[in-house]
$ cat run_16.cif   # mmCIF, C-alpha atoms
data_model
#
loop_
_atom_site.label_atom_id
_atom_site.label_comp_id
_atom_site.auth_asym_id
_atom_site.auth_seq_id
_atom_site.Cartn_x
_atom_site.Cartn_y
_atom_site.Cartn_z
CA MET X 1 -10.12 3.70 -18.28
CA PRO X 2 -6.37 3.45 -17.46
CA ILE X 3 -4.40 0.82 -19.36
CA LEU X 4 -1.85 -1.34 -17.55
CA TYR X 5 0.87 -2.86 -19.71
CA SER X 6 1.54 -6.05 -17.84
CA TYR X 7 2.91 -9.57 -18.01
CA TRP X 8 1.27 -12.22 -15.87
CA ARG X 9 4.47 -13.33 -14.16
CA SER X 10 6.20 -9.93 -13.95
CA SER X 11 6.74 -9.10 -10.31
CA ALA X 12 6.64 -5.33 -10.87
CA SER X 13 3.41 -5.61 -12.91
CA TYR X 14 1.92 -7.76 -10.16
CA ARG X 15 2.65 -5.02 -7.60
CA VAL X 16 0.76 -2.42 -9.61
CA ARG X 17 -2.14 -4.82 -10.23
CA ILE X 18 -2.50 -5.24 -6.46
CA GLY X 19 -2.30 -1.49 -5.85
CA LEU X 20 -4.97 -0.72 -8.45
CA ALA X 21 -7.21 -3.45 -7.08
CA LEU X 22 -6.80 -2.35 -3.44
CA LYS X 23 -7.91 1.12 -4.48
CA GLY X 24 -10.79 -0.22 -6.54
CA ILE X 25 -9.54 1.44 -9.72
CA ARG X 26 -10.88 -0.29 -12.83
CA PHE X 27 -8.29 -0.71 -15.58
CA GLU X 28 -7.69 -2.52 -18.83
CA THR X 29 -4.80 -4.97 -19.05
CA VAL X 30 -2.69 -5.00 -22.21
CA PRO X 31 -0.38 -8.02 -22.04
CA VAL X 32 3.24 -7.58 -23.12
CA SER X 33 5.01 -10.92 -23.35
CA LEU X 34 8.41 -10.91 -21.67
CA ILE X 35 9.05 -14.45 -22.83
CA ASP X 36 8.53 -13.39 -26.46
CA GLY X 37 10.55 -10.20 -25.97
CA GLU X 38 7.61 -7.92 -26.78
CA GLN X 39 8.82 -5.38 -24.23
CA ALA X 40 11.79 -4.67 -26.55
CA GLY X 41 9.63 -4.18 -29.65
CA ALA X 42 8.83 -0.83 -31.25
CA ASP X 43 5.18 -0.84 -30.13
CA TYR X 44 5.97 -1.05 -26.46
CA ALA X 45 9.12 1.09 -26.68
CA SER X 46 6.88 3.93 -27.89
CA ILE X 47 4.96 3.57 -24.59
CA ASN X 48 7.96 3.04 -22.31
CA PRO X 49 11.38 3.75 -23.86
CA GLN X 50 13.03 1.84 -20.99
CA LYS X 51 11.44 -1.32 -22.43
CA VAL X 52 10.55 -2.73 -19.04
CA LEU X 53 7.21 -3.51 -17.44
CA PRO X 54 4.93 -2.21 -16.17
CA ALA X 55 3.61 1.05 -17.62
CA LEU X 56 0.31 2.69 -16.73
CA ARG X 57 -1.41 4.84 -19.36
CA LEU X 58 -3.76 7.34 -17.76
CA ASP X 59 -7.05 8.42 -19.34
CA ASP X 60 -5.43 11.58 -20.67
CA GLY X 61 -2.73 9.57 -22.46
CA ARG X 62 0.12 10.34 -20.08
CA VAL X 63 2.21 7.31 -19.17
CA LEU X 64 3.69 6.38 -15.80
CA THR X 65 6.56 3.90 -15.41
CA GLN X 66 8.42 2.14 -12.59
CA SER X 67 6.17 0.21 -10.23
CA LEU X 68 7.01 2.10 -7.04
CA ALA X 69 6.61 5.49 -8.73
CA ILE X 70 3.24 4.33 -10.08
CA LEU X 71 2.14 3.14 -6.65
CA GLU X 72 3.17 6.40 -4.97
CA TYR X 73 1.25 8.24 -7.70
CA LEU X 74 -1.83 6.13 -7.11
CA ASP X 75 -1.61 6.84 -3.39
CA GLU X 76 -1.41 10.58 -4.00
CA ALA X 77 -4.08 10.77 -6.71
CA PHE X 78 -6.55 8.23 -5.28
CA PRO X 79 -6.87 8.63 -1.51
CA GLN X 80 -9.13 5.60 -0.95
CA HIS X 81 -7.43 2.64 0.80
CA PRO X 82 -4.10 4.38 1.55
CA LEU X 83 -1.03 2.30 0.72
CA LEU X 84 1.06 4.32 3.18
CA PRO X 85 0.24 5.51 6.72
CA ALA X 86 -0.14 9.23 7.44
CA ASP X 87 2.80 9.82 9.79
CA PRO X 88 6.14 10.57 8.04
CA PHE X 89 8.19 8.20 10.23
CA GLU X 90 5.66 5.38 9.81
CA ARG X 91 5.63 6.02 6.05
CA ALA X 92 9.41 5.71 6.04
CA LYS X 93 9.20 2.34 7.80
CA VAL X 94 6.79 0.99 5.18
CA ARG X 95 8.88 2.43 2.35
CA ALA X 96 12.05 0.91 3.81
CA PHE X 97 10.40 -2.52 4.00
CA SER X 98 9.27 -2.14 0.40
CA ALA X 99 12.74 -1.01 -0.72
CA VAL X 100 14.34 -4.15 0.70
CA ILE X 101 12.32 -5.95 -1.96
CA ALA X 102 12.15 -3.40 -4.77
CA SER X 103 15.80 -2.33 -4.56
CA ASP X 104 17.79 -4.94 -2.66
CA THR X 105 16.17 -8.20 -3.73
CA HIS X 106 14.01 -8.32 -6.83
CA PRO X 107 16.32 -6.48 -9.29
CA ILE X 108 19.14 -8.95 -8.60
CA GLN X 109 16.97 -11.97 -9.44
CA ASN X 110 15.15 -10.29 -12.31
CA LEU X 111 14.87 -11.97 -15.72
CA SER X 112 17.46 -9.74 -17.40
CA VAL X 113 20.09 -10.59 -14.77
CA LEU X 114 19.35 -14.31 -15.02
CA LYS X 115 19.67 -14.10 -18.81
CA TYR X 116 23.06 -12.44 -18.40
CA LEU X 117 24.20 -15.20 -16.03
CA ARG X 118 23.18 -17.83 -18.59
CA ALA X 119 24.92 -16.05 -21.46
CA SER X 120 28.11 -14.84 -19.77
CA PHE X 121 28.68 -17.34 -16.96
CA ASP X 122 27.22 -20.39 -18.69
CA GLN X 123 24.59 -20.98 -16.02
CA ASP X 124 21.72 -23.44 -16.59
CA ASP X 125 18.31 -23.53 -14.87
CA ASP X 126 19.83 -24.90 -11.69
CA GLY X 127 22.61 -22.34 -11.70
CA VAL X 128 20.29 -19.36 -12.00
CA ALA X 129 17.97 -20.86 -9.37
CA VAL X 130 20.87 -21.04 -6.88
CA TRP X 131 21.59 -17.36 -7.57
CA ALA X 132 17.93 -16.36 -7.24
CA ARG X 133 17.51 -18.33 -4.00
CA HIS X 134 20.56 -16.67 -2.49
CA TRP X 135 19.33 -13.11 -3.04
CA ILE X 136 15.68 -13.81 -2.30
CA GLY X 137 16.63 -15.62 0.91
CA ARG X 138 18.79 -12.70 1.98
CA GLY X 139 15.93 -10.25 1.42
CA LEU X 140 13.36 -12.36 3.23
CA GLU X 141 15.72 -12.84 6.19
CA THR X 142 15.69 -9.06 6.62
CA LEU X 143 11.91 -8.85 6.39
CA GLU X 144 10.87 -11.83 8.54
CA PRO X 145 11.63 -10.21 11.94
CA ILE X 146 9.77 -7.05 10.90
CA ALA X 147 6.68 -9.07 10.00
CA ALA X 148 7.07 -11.19 13.14
CA ALA X 149 7.06 -8.06 15.30
CA SER X 150 3.75 -6.83 13.86
CA GLU X 151 0.89 -6.52 16.32
CA GLY X 152 -1.72 -6.09 13.58
CA ASP X 153 -3.30 -8.42 11.04
CA PHE X 154 -0.81 -7.28 8.41
CA ILE X 155 2.79 -6.05 8.54
CA PHE X 156 2.11 -2.43 9.48
CA GLY X 157 -1.37 -2.47 10.97
CA ASP X 158 -4.68 -4.07 10.20
CA GLU X 159 -4.85 -3.34 6.46
CA PRO X 160 -2.50 -4.38 3.68
CA GLY X 161 -0.53 -1.58 2.03
CA LEU X 162 2.67 -0.96 0.11
CA ALA X 163 4.60 -3.53 2.17
CA GLU X 164 2.22 -6.34 1.17
CA VAL X 165 2.02 -5.00 -2.40
CA CYS X 166 5.77 -5.64 -2.67
CA LEU X 167 6.00 -8.75 -0.48
CA ILE X 168 3.40 -10.98 -2.14
CA PRO X 169 4.97 -10.90 -5.65
CA GLN X 170 8.38 -11.52 -4.07
CA LEU X 171 7.02 -14.57 -2.25
CA TYR X 172 5.57 -15.78 -5.55
CA ASN X 173 9.07 -15.59 -7.03
CA ALA X 174 10.49 -17.25 -3.94
CA ALA X 175 8.20 -20.25 -4.45
CA ARG X 176 9.04 -20.34 -8.15
CA PHE X 177 12.75 -20.63 -7.36
CA LYS X 178 12.07 -23.09 -4.53
CA VAL X 179 13.24 -20.95 -1.64
CA GLU X 180 12.69 -22.86 1.63
CA LEU X 181 9.77 -20.82 2.96
CA ASP X 182 9.47 -22.65 6.30
CA ARG X 183 12.20 -20.30 7.52
CA PHE X 184 9.81 -17.35 7.17
CA PRO X 185 6.64 -18.21 9.08
CA ALA X 186 5.53 -14.60 9.67
CA LEU X 187 5.87 -13.74 5.97
CA VAL X 188 4.04 -16.93 4.98
CA ALA X 189 1.21 -16.00 7.35
CA ILE X 190 0.91 -12.57 5.69
CA ASP X 191 0.86 -14.31 2.30
CA ALA X 192 -2.01 -16.52 3.45
CA ALA X 193 -3.96 -13.54 4.82
CA CYS X 194 -3.55 -11.64 1.54
CA ALA X 195 -4.61 -14.68 -0.49
CA GLU X 196 -8.04 -14.37 1.17
CA LEU X 197 -8.58 -10.86 -0.21
CA PRO X 198 -10.25 -10.23 -3.61
CA ALA X 199 -7.71 -7.50 -4.52
CA PHE X 200 -4.79 -9.91 -4.19
CA ARG X 201 -6.67 -12.72 -5.94
CA SER X 202 -7.56 -10.59 -8.94
CA ALA X 203 -3.93 -9.47 -9.27
CA ALA X 204 -2.37 -12.92 -8.98
CA PRO X 205 -0.34 -14.36 -11.87
CA GLN X 206 -2.74 -17.30 -12.06
CA THR X 207 -5.71 -15.09 -13.01
CA GLN X 208 -4.39 -12.76 -15.70
CA PRO X 209 -5.65 -12.49 -19.30
CA ASP X 210 -2.26 -13.71 -20.57
CA THR X 211 -1.81 -16.52 -18.06
CA PRO X 212 -0.98 -19.60 -20.16
CA MET C 1 21.78 16.52 15.84
CA PRO C 2 20.85 13.59 13.54
CA ILE C 3 23.56 10.96 13.04
CA LEU C 4 24.22 9.52 9.58
CA TYR C 5 25.89 6.12 9.51
CA SER C 6 27.82 6.38 6.31
CA TYR C 7 30.75 5.10 4.26
CA TRP C 8 32.58 7.55 2.05
CA ARG C 9 32.21 5.49 -1.12
CA SER C 10 28.74 4.03 -0.43
CA SER C 11 26.41 5.20 -3.16
CA ALA C 12 23.31 5.03 -0.97
CA SER C 13 25.05 6.96 1.84
CA TYR C 14 26.15 9.55 -0.72
CA ARG C 15 22.52 10.07 -1.78
CA VAL C 16 21.41 10.81 1.76
CA ARG C 17 24.39 13.12 2.34
CA ILE C 18 23.30 15.16 -0.69
CA GLY C 19 19.68 15.25 0.45
CA LEU C 20 20.60 16.44 3.94
CA ALA C 21 22.95 19.07 2.53
CA LEU C 22 20.40 20.37 -0.01
CA LYS C 23 17.96 20.87 2.84
CA GLY C 24 20.59 22.50 5.03
CA ILE C 25 20.15 19.93 7.80
CA ARG C 26 23.23 19.73 10.00
CA PHE C 27 24.19 16.17 10.92
CA GLU C 28 26.99 14.16 12.44
CA THR C 29 28.67 11.48 10.32
CA VAL C 30 29.55 8.17 11.95
CA PRO C 31 31.68 6.20 9.50
CA VAL C 32 31.00 2.47 9.09
CA SER C 33 33.69 0.80 7.02
CA LEU C 34 32.30 -1.46 4.32
CA ILE C 35 35.78 -2.54 3.36
CA ASP C 36 36.43 -3.73 6.92
CA GLY C 37 32.97 -5.32 7.17
CA GLU C 38 31.90 -3.07 10.06
CA GLN C 39 28.33 -3.02 8.69
CA ALA C 40 28.04 -6.71 9.65
CA GLY C 41 29.31 -6.20 13.21
CA ALA C 42 27.15 -6.23 16.33
CA ASP C 43 27.45 -2.47 16.91
CA TYR C 44 25.97 -1.49 13.60
CA ALA C 45 23.51 -4.39 13.47
CA SER C 46 21.95 -2.97 16.62
CA ILE C 47 21.32 0.24 14.64
CA ASN C 48 20.24 -1.39 11.37
CA PRO C 49 19.54 -5.14 11.53
CA GLN C 50 19.73 -5.31 7.72
CA LYS C 51 23.44 -4.53 8.07
CA VAL C 52 23.51 -2.18 5.09
CA LEU C 53 24.24 1.52 4.84
CA PRO C 54 23.04 4.14 5.35
CA ALA C 55 21.00 4.63 8.51
CA LEU C 56 19.87 7.97 9.90
CA ARG C 57 19.37 8.29 13.66
CA LEU C 58 17.00 11.12 14.50
CA ASP C 59 17.35 13.34 17.56
CA ASP C 60 14.72 11.28 19.40
CA GLY C 61 16.70 8.06 18.81
CA ARG C 62 14.45 6.59 16.13
CA VAL C 63 16.34 5.15 13.17
CA LEU C 64 15.49 5.37 9.47
CA THR C 65 16.96 2.99 6.89
CA GLN C 66 16.99 2.63 3.09
CA SER C 67 18.21 5.71 1.25
CA LEU C 68 15.05 6.41 -0.75
CA ALA C 69 12.81 5.98 2.29
CA ILE C 70 15.08 8.37 4.20
CA LEU C 71 14.98 10.93 1.39
CA GLU C 72 11.18 10.76 1.13
CA TYR C 73 11.04 11.23 4.91
CA LEU C 74 13.31 14.25 4.74
CA ASP C 75 11.12 15.74 2.04
CA GLU C 76 8.00 15.27 4.14
CA ALA C 77 9.49 16.40 7.45
CA PHE C 78 11.67 19.27 6.16
CA PRO C 79 9.85 21.28 3.49
CA GLN C 80 12.78 23.55 2.58
CA HIS C 81 14.37 22.85 -0.85
CA PRO C 82 11.82 20.22 -1.99
CA LEU C 83 13.39 17.12 -3.53
CA LEU C 84 10.16 16.37 -5.41
CA PRO C 85 7.83 18.71 -7.33
CA ALA C 86 4.30 19.38 -6.06
CA ASP C 87 2.22 17.82 -8.86
CA PRO C 88 1.58 14.04 -8.49
CA PHE C 89 2.38 13.23 -12.14
CA GLU C 90 5.59 15.29 -12.05
CA ARG C 91 6.52 13.61 -8.77
CA ALA C 92 6.04 10.23 -10.45
CA LYS C 93 8.38 11.22 -13.28
CA VAL C 94 11.13 12.19 -10.84
CA ARG C 95 10.57 9.03 -8.79
CA ALA C 96 10.67 6.87 -11.94
CA PHE C 97 14.00 8.44 -12.97
CA SER C 98 15.35 7.81 -9.48
CA ALA C 99 14.09 4.22 -9.49
CA VAL C 100 15.98 3.44 -12.70
CA ILE C 101 19.08 4.03 -10.59
CA ALA C 102 17.99 2.89 -7.13
CA SER C 103 16.20 -0.27 -8.29
CA ASP C 104 17.34 -1.18 -11.82
CA THR C 105 21.01 -0.19 -11.79
CA HIS C 106 22.82 0.32 -8.51
CA PRO C 107 21.71 -2.87 -6.66
CA ILE C 108 23.05 -5.06 -9.48
CA GLN C 109 26.52 -3.50 -9.31
CA ASN C 110 26.56 -3.19 -5.55
CA LEU C 111 29.50 -4.49 -3.50
CA SER C 112 27.65 -7.57 -2.21
CA VAL C 113 26.82 -8.71 -5.74
CA LEU C 114 30.37 -8.16 -6.95
CA LYS C 115 31.67 -10.16 -3.98
CA TYR C 116 29.34 -13.01 -4.92
CA LEU C 117 30.58 -12.93 -8.53
CA ARG C 118 34.17 -13.17 -7.29
CA ALA C 119 33.41 -16.04 -4.92
CA SER C 120 30.98 -18.11 -7.01
CA PHE C 121 31.96 -17.33 -10.60
CA ASP C 122 35.66 -16.82 -10.03
CA GLN C 123 35.64 -13.25 -11.34
CA ASP C 124 38.63 -10.95 -10.85
CA ASP C 125 38.73 -7.13 -10.86
CA ASP C 126 38.35 -7.03 -14.63
CA GLY C 127 35.48 -9.51 -14.58
CA VAL C 128 33.44 -7.60 -12.03
CA ALA C 129 34.19 -4.34 -13.85
CA VAL C 130 32.73 -5.78 -17.08
CA TRP C 131 29.61 -6.75 -15.15
CA ALA C 132 29.32 -3.33 -13.46
CA ARG C 133 29.85 -1.48 -16.74
CA HIS C 134 27.12 -3.51 -18.42
CA TRP C 135 24.44 -2.68 -15.85
CA ILE C 136 25.51 0.91 -15.28
CA GLY C 137 25.62 1.53 -19.04
CA ARG C 138 22.15 0.09 -19.45
CA GLY C 139 20.77 2.36 -16.72
CA LEU C 140 22.45 5.49 -18.04
CA GLU C 141 21.18 4.73 -21.58
CA THR C 142 17.65 4.95 -20.18
CA LEU C 143 18.34 8.20 -18.37
CA GLU C 144 20.33 10.12 -21.01
CA PRO C 145 17.34 10.98 -23.27
CA ILE C 146 15.35 12.15 -20.25
CA ALA C 147 18.13 14.51 -19.20
CA ALA C 148 18.67 15.60 -22.81
CA ALA C 149 15.00 16.59 -23.09
CA SER C 150 15.18 18.87 -20.04
CA GLU C 151 14.49 22.53 -20.69
CA GLY C 152 15.77 23.61 -17.26
CA ASP C 153 19.19 23.86 -15.68
CA PHE C 154 18.73 20.44 -14.08
CA ILE C 155 16.83 17.30 -15.09
CA PHE C 156 13.40 18.32 -13.91
CA GLY C 157 13.54 22.10 -13.69
CA ASP C 158 15.94 24.71 -12.46
CA GLU C 159 16.84 23.16 -9.12
CA PRO C 160 18.43 19.79 -8.33
CA GLY C 161 16.19 17.28 -6.55
CA LEU C 162 15.77 13.54 -6.04
CA ALA C 163 16.83 12.78 -9.63
CA GLU C 164 20.22 14.45 -9.15
CA VAL C 165 20.52 13.00 -5.62
CA CYS C 166 20.43 9.54 -7.23
CA LEU C 167 22.27 10.33 -10.46
CA ILE C 168 25.46 11.90 -9.12
CA PRO C 169 26.49 8.91 -6.95
CA GLN C 170 25.70 6.59 -9.87
CA LEU C 171 27.96 8.64 -12.15
CA TYR C 172 30.68 8.44 -9.50
CA ASN C 173 30.38 4.65 -9.66
CA ALA C 174 30.32 4.79 -13.46
CA ALA C 175 33.64 6.60 -13.48
CA ARG C 176 35.07 4.18 -10.94
CA PHE C 177 34.25 1.23 -13.20
CA LYS C 178 35.43 3.12 -16.30
CA VAL C 179 32.09 3.41 -18.07
CA GLU C 180 32.57 5.38 -21.31
CA LEU C 181 30.81 8.58 -20.24
CA ASP C 182 31.14 10.38 -23.60
CA ARG C 183 27.99 8.51 -24.62
CA PHE C 184 25.99 10.44 -22.02
CA PRO C 185 26.64 14.16 -22.62
CA ALA C 186 23.43 15.39 -21.00
CA LEU C 187 24.10 13.41 -17.82
CA VAL C 188 27.71 14.59 -17.74
CA ALA C 189 26.51 18.20 -18.04
CA ILE C 190 24.20 17.70 -15.04
CA ASP C 191 27.13 16.20 -13.13
CA ALA C 192 29.21 19.29 -13.89
CA ALA C 193 26.40 21.63 -12.82
CA CYS C 194 25.97 19.77 -9.52
CA ALA C 195 29.71 19.81 -8.87
CA GLU C 196 29.48 23.60 -8.63
CA LEU C 197 27.03 23.44 -5.74
CA PRO C 198 28.19 23.39 -2.08
CA ALA C 199 25.60 20.70 -1.15
CA PHE C 200 27.03 18.26 -3.67
CA ARG C 201 30.62 19.15 -2.82
CA SER C 202 30.13 18.57 0.89
CA ALA C 203 28.51 15.19 0.18
CA ALA C 204 31.15 13.92 -2.25
CA PRO C 205 33.20 10.81 -1.44
CA GLN C 206 36.38 12.88 -1.67
CA THR C 207 35.41 15.09 1.30
CA GLN C 208 34.16 12.65 3.96
CA PRO C 209 35.66 12.15 7.45
CA ASP C 210 36.53 8.55 6.51
CA THR C 211 37.94 9.30 3.05
CA PRO C 212 41.35 7.61 3.00
#

$ encode --input "run_16.cif" --output "structure tokens"
Amino acid sequence: MPILYSYWRSSASYRVRIGLALKGIRFETVPVSLIDGEQAGADYASINPQKVLPALRLDDGRVLTQSLAILEYLDEAFPQHPLLPADPFERAKVRAFSAVIASDTHPIQNLSVLKYLRASFDQDDDGVAVWARHWIGRGLETLEPIAAASEGDFIFGDEPGLAEVCLIPQLYNAARFKVELDRFPALVAIDAACAELPAFRSAAPQTQPDTP
Amino acid sequence: MPILYSYWRSSASYRVRIGLALKGIRFETVPVSLIDGEQAGADYASINPQKVLPALRLDDGRVLTQSLAILEYLDEAFPQHPLLPADPFERAKVRAFSAVIASDTHPIQNLSVLKYLRASFDQDDDGVAVWARHWIGRGLETLEPIAAASEGDFIFGDEPGLAEVCLIPQLYNAARFKVELDRFPALVAIDAACAELPAFRSAAPQTQPDTP
């Protein structure tokens, strides 16, 4: 059975948990505590030298890293419940939506950046929350009109895919940093629709083995 | 002919320029000046509502955004000179390498973040350079051992692909912010090998229509 190295509140781990669950792939979760710095320890560094989460260990021992690379791998190796549409242009639209989160939003509000702001710019909880809200708000402003224009039940059709895999963890972070979500009704509606689905429920931070 | 909305020094534009050139796809460059804020103007916003570069307008008028989504599209629609290997696990390795740059490194040192640091944390040129060097150094430290372990002429074999498409613009930024590159001999060797190739030369910031 594949092993997912994961932390309950890690946004990138959360993405991969959703992807695995949507595809019905059974896996074992090995928690790696970001709050205790376990990702920087020798045990985990031997799995992923980059010392970031997540990592997915396949049955043959090979290890995949970087959430989007893992998700693309899953989509290529496990055809059930495609995370991307078939047409190249439509695939590019879903990937672009996902990249607004995975490249333009989440990395800037990630734990390591917030730690740096605390250490180098003397920011407290409120200070880092202002920063996080700024960048999350900017990302969601880009995504809201795309979701609002959808004619399906989800953002790109009638099934959730890579766009929702990236969006739902980002909305979790948005709530955590108290982003005003009323501004994003279409995204909030997608969040509510996903919350009804077992795959998203099983992947949620509230239901992990290491959830406090 | 496809139109690439590009800025000479934009890292994400530079990636797409390399990808197009490697595949031998002729395109027209329409410069959008980031320094003059043209990406936020109504003309460009009608092309890409996210108001970031690059965007690629196809012959049929459809527009692609987000550099990695564009590059994946090019690889699916134009099979010549593949940017990714054929095997799913090998593809994941190349995508993970690319994501260390496109998600974990470049967005944190991007112009919009540096502007925010200047405005909100009163940072000057030196201050933002310290920030940029920190995040670029951290990314390159992850990538150096991967490049050093390569047995081919490039990072993942004997031809440049998505890994080099992402790496070379990041090394350009590294030099710009005076990152100590002696620490990364394998990456510097790849940079030198790419600099010999016409595709990389034609895409370089020094040779664009809007290069000052």

$ residues_around --input "run_16.cif" --residues "Ala92 (chain X)" --least-positions-apart "3" --cutoff "6 Å" --atoms "all atoms listed in the file" --output "ChimeraX atom specification"
/X:89,95-96 /C:69,73

$ resolve_selection --input "run_16.cif" --expression "the PyMOL selection byres ((chain X and resi 102) around 10)" --output "PyMOL selection string"
(chain X and resi 11-12+67-68+95-101+103-108+139+166-167+170) or (chain C and resi 99+102-104+107)

$ resolve_selection --input "run_16.cif" --expression "the PyMOL selection byres ((chain C and resi 49-54) around 9)" --output "ChimeraX atom specification"
/X:100,139,141-143 /C:4-7,10,12-14,16,32,34,38-41,44-48,55-56,64-67

$ closest_residue --input "run_16.cif" --among "X:Phe121, X:Phe177, X:Trp8, X:Phe78" --to "chain C" --atoms "all atoms listed in the file"
X:Phe121

$ resolve_selection --input "run_16.cif" --expression "the PyMOL selection byres ((chain X and resi 154-159) around 10)" --output "MDAnalysis selection string"
chainID X and resid 81:85 90:91 93:94 97 143:144 146:153 160:164 167 186:187 189:191 193:194

$ write_last_selection --input "run_16.cif" --atoms "C-alpha atoms" --output "PDB file, in the coordinates of the input"
ATOM      1  CA  HIS X  81      -7.430   2.640   0.800  1.00  0.00           C
ATOM      2  CA  PRO X  82      -4.100   4.380   1.550  1.00  0.00           C
ATOM      3  CA  LEU X  83      -1.030   2.300   0.720  1.00  0.00           C
ATOM      4  CA  LEU X  84       1.060   4.320   3.180  1.00  0.00           C
ATOM      5  CA  PRO X  85       0.240   5.510   6.720  1.00  0.00           C
ATOM      6  CA  GLU X  90       5.660   5.380   9.810  1.00  0.00           C
ATOM      7  CA  ARG X  91       5.630   6.020   6.050  1.00  0.00           C
ATOM      8  CA  LYS X  93       9.200   2.340   7.800  1.00  0.00           C
ATOM      9  CA  VAL X  94       6.790   0.990   5.180  1.00  0.00           C
ATOM     10  CA  PHE X  97      10.400  -2.520   4.000  1.00  0.00           C
ATOM     11  CA  LEU X 143      11.910  -8.850   6.390  1.00  0.00           C
ATOM     12  CA  GLU X 144      10.870 -11.830   8.540  1.00  0.00           C
ATOM     13  CA  ILE X 146       9.770  -7.050  10.900  1.00  0.00           C
ATOM     14  CA  ALA X 147       6.680  -9.070  10.000  1.00  0.00           C
ATOM     15  CA  ALA X 148       7.070 -11.190  13.140  1.00  0.00           C
ATOM     16  CA  ALA X 149       7.060  -8.060  15.300  1.00  0.00           C
ATOM     17  CA  SER X 150       3.750  -6.830  13.860  1.00  0.00           C
ATOM     18  CA  GLU X 151       0.890  -6.520  16.320  1.00  0.00           C
ATOM     19  CA  GLY X 152      -1.720  -6.090  13.580  1.00  0.00           C
ATOM     20  CA  ASP X 153      -3.300  -8.420  11.040  1.00  0.00           C
ATOM     21  CA  PRO X 160      -2.500  -4.380   3.680  1.00  0.00           C
ATOM     22  CA  GLY X 161      -0.530  -1.580   2.030  1.00  0.00           C
ATOM     23  CA  LEU X 162       2.670  -0.960   0.110  1.00  0.00           C
ATOM     24  CA  ALA X 163       4.600  -3.530   2.170  1.00  0.00           C
ATOM     25  CA  GLU X 164       2.220  -6.340   1.170  1.00  0.00           C
ATOM     26  CA  LEU X 167       6.000  -8.750  -0.480  1.00  0.00           C
ATOM     27  CA  ALA X 186       5.530 -14.600   9.670  1.00  0.00           C
ATOM     28  CA  LEU X 187       5.870 -13.740   5.970  1.00  0.00           C
ATOM     29  CA  ALA X 189       1.210 -16.000   7.350  1.00  0.00           C
ATOM     30  CA  ILE X 190       0.910 -12.570   5.690  1.00  0.00           C
ATOM     31  CA  ASP X 191       0.860 -14.310   2.300  1.00  0.00           C
ATOM     32  CA  ALA X 193      -3.960 -13.540   4.820  1.00  0.00           C
ATOM     33  CA  CYS X 194      -3.550 -11.640   1.540  1.00  0.00           C
TER      34      CYS X 194
END

$ closest_residue --input "run_16.cif" --among "C:Pro31, C:Gly127, C:Pro212, C:Gly24" --to "chain X" --atoms "only C-alpha atoms"
C:Gly127

$ closest_residue --input "run_16.cif" --among "C:Leu117, C:Ile18, C:Met1, C:Ile35" --to "chain X" --atoms "all atoms listed in the file"
C:Leu117

$ closest_residue --input "run_16.cif" --among "C:Ala175, C:Ile70, C:Leu22, C:Leu114" --to "chain X" --atoms "only C-alpha atoms"
C:Ile70

$ closest_residue --input "run_16.cif" --among "X:Ile3, X:Ala42, X:Ile25, X:Ala77" --to "chain C" --atoms "only C-alpha atoms"
X:Ala77

$ atom_distance --input "run_16.cif" --atom1 "CA of Ser112 (chain X)" --atom2 "CA of Trp131 (chain C)"
12.7 Å

$ closest_residue --input "run_16.cif" --among "C:Glu180, C:Asp124, C:Asp75, C:Asp210" --to "chain X" --atoms "all atoms listed in the file"
C:Asp75

$ atom_distance --input "run_16.cif" --atom1 "CA of Phe184 (chain C)" --atom2 "CA of Pro145 (chain C)"
8.8 Å

$ axis_aligned_box --input "run_16.cif" --around "region 31-46 of chain X" --padding-each-side "8 Å" --output "lines of an AutoDock Vina configuration file"
center_x = 5.7
center_y = -5.3
center_z = -26.5
size_x = 28.2
size_y = 34.4
size_z = 25.6

$ residues_around --input "run_16.cif" --residues "Pro205 (chain X)" --least-positions-apart "3" --cutoff "7 Å" --atoms "all atoms listed in the file" --output "list in words"
Trp8, Arg9, Gln208 and Thr211 of chain X
